[in-house]
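A.B. asks: Before we start, here is the structure in question, set down as structure tokens.
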Amino acid sequence: MKLLTRIAILLKADAHGVVESLEDRALLLKQHLREAELELDRKRARIEALHDECRRLHEVEATGGREMQALEEDIGLALAGGKDDLARFAIRRLLPRRHEAGQRHVIQTRLRTEIDTLAAQLATQQSEFEVLRGRVRLAVARSHDGAFGSLPPSGYEVRDEEIEIELLRRRQSAPGSTGEPS
């Protein structure tokens with residue numbers, strides 16, 4: 001095999017390797033972006049589950065409140081009728097419900113705190129995700145541009161004399177031109 005042929009093969013292989021490495025980076029960036037989006041989705045699902053639990057506890061609280069009100073009325077009725085043993089019976093049923101209501105209130109407070117914390121984190125992470133998405137798109141676009149051989153800006157500065165020469169060339173080649181500058 002001739003030396004120049006071997007060098008050409010090496011250059012082609014090296015160029016393919018560069019393109020593959022750029023593609024690999026783009027794939028990794030896209031994968032990281034998907035993972036970040038999945039994490040945001042998990043956080044949204046967690047917030048929704050916490051909201052559902054708050055709604056459920058609120059419904060239980062409403063039902064428990066009606067039951068406690070009925071027991072309070074029963075206690076008042078029993079005391080008014082002089083039936084202390086019936087009042088004790090109603091109080092025995094009322095006290096556990098009061099305790100459960102207090103526990104529900106503590107749980108609801110914790111859930112609301114967790115929801116607020118997660119919502120703040122989600123908002124921050126969502127904005128960071130949007131920035132990351134833009135960066136990934138830009139990096140992927142740049143990697144594809146580089147893969148097709150586009151050149152970076154050269155910083156070439158056009159001088160006035162070059163503009164004048166190009167203008168003269170165009171005037172000379174224009175249809176109906178006499179070739180004389182006007």
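We name chains A, B, ... following the order of the structure tokens; residues begin at 1 in each chain, and ligands are numbered from 1 as shown.
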Show which residues sit within 8 Å of range 128-141 of chain A, as a ChimeraX atom specification. Count only C-alpha atoms, and ignore same-chain residues fewer than 4 positions away.
C.D. replies: /A:26,29-30,33,36-37,124,145
A.B. asks: Would you pick out the contacts of Glu100 in chain A at 12 Å or less, using only C-alpha atoms, so that residues sharing its chain but fewer than 2 positions from it are not included, and give the list as a list of chain:residue names?
C.D. replies: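 The neighbour list is A:Leu57, A:Val60, A:Glu61, A:Gly64, A:Gly65, A:Met68, A:Arg93, A:Leu94, A:Leu95, A:Pro96, A:Arg97, A:Arg98, A:Gly102, A:Gln103, A:Arg104, A:His105, A:Val106, A:Ile107.
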A.B. asks: Would you pick out the contacts of Lys43 in chain A at 8 Å or less, using only C-alpha atoms, so that residues sharing its chain but fewer than 4 positions from it are not included, and give the list as a PyMOL selection string?
C.D. replies: chain A and resi 39+47+118+122
A.B. asks: Neighbouring residues of Glu53 in chain A were defined as those with any atom within 12 Å, considering only C-alpha atoms; residues of the same chain fewer than 3 positions away were excluded. Please report them as a list in words.
C.D. replies: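 Contacts, with the query itself left out: Arg46, Ile47, Glu48, Ala49, Leu50, Arg56, Leu57, His58, Glu59, Val60, Arg104, Ile107, Gln108, Thr109, Arg110, Leu111, Arg112, Glu114 and Ile115 of chain A.
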A.B. asks: So how many Å separate CA of Ala70 in chain A and CA of Asp52 in chain A, to one decimal?
C.D. replies: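 A separation of 27.5 Å between them.
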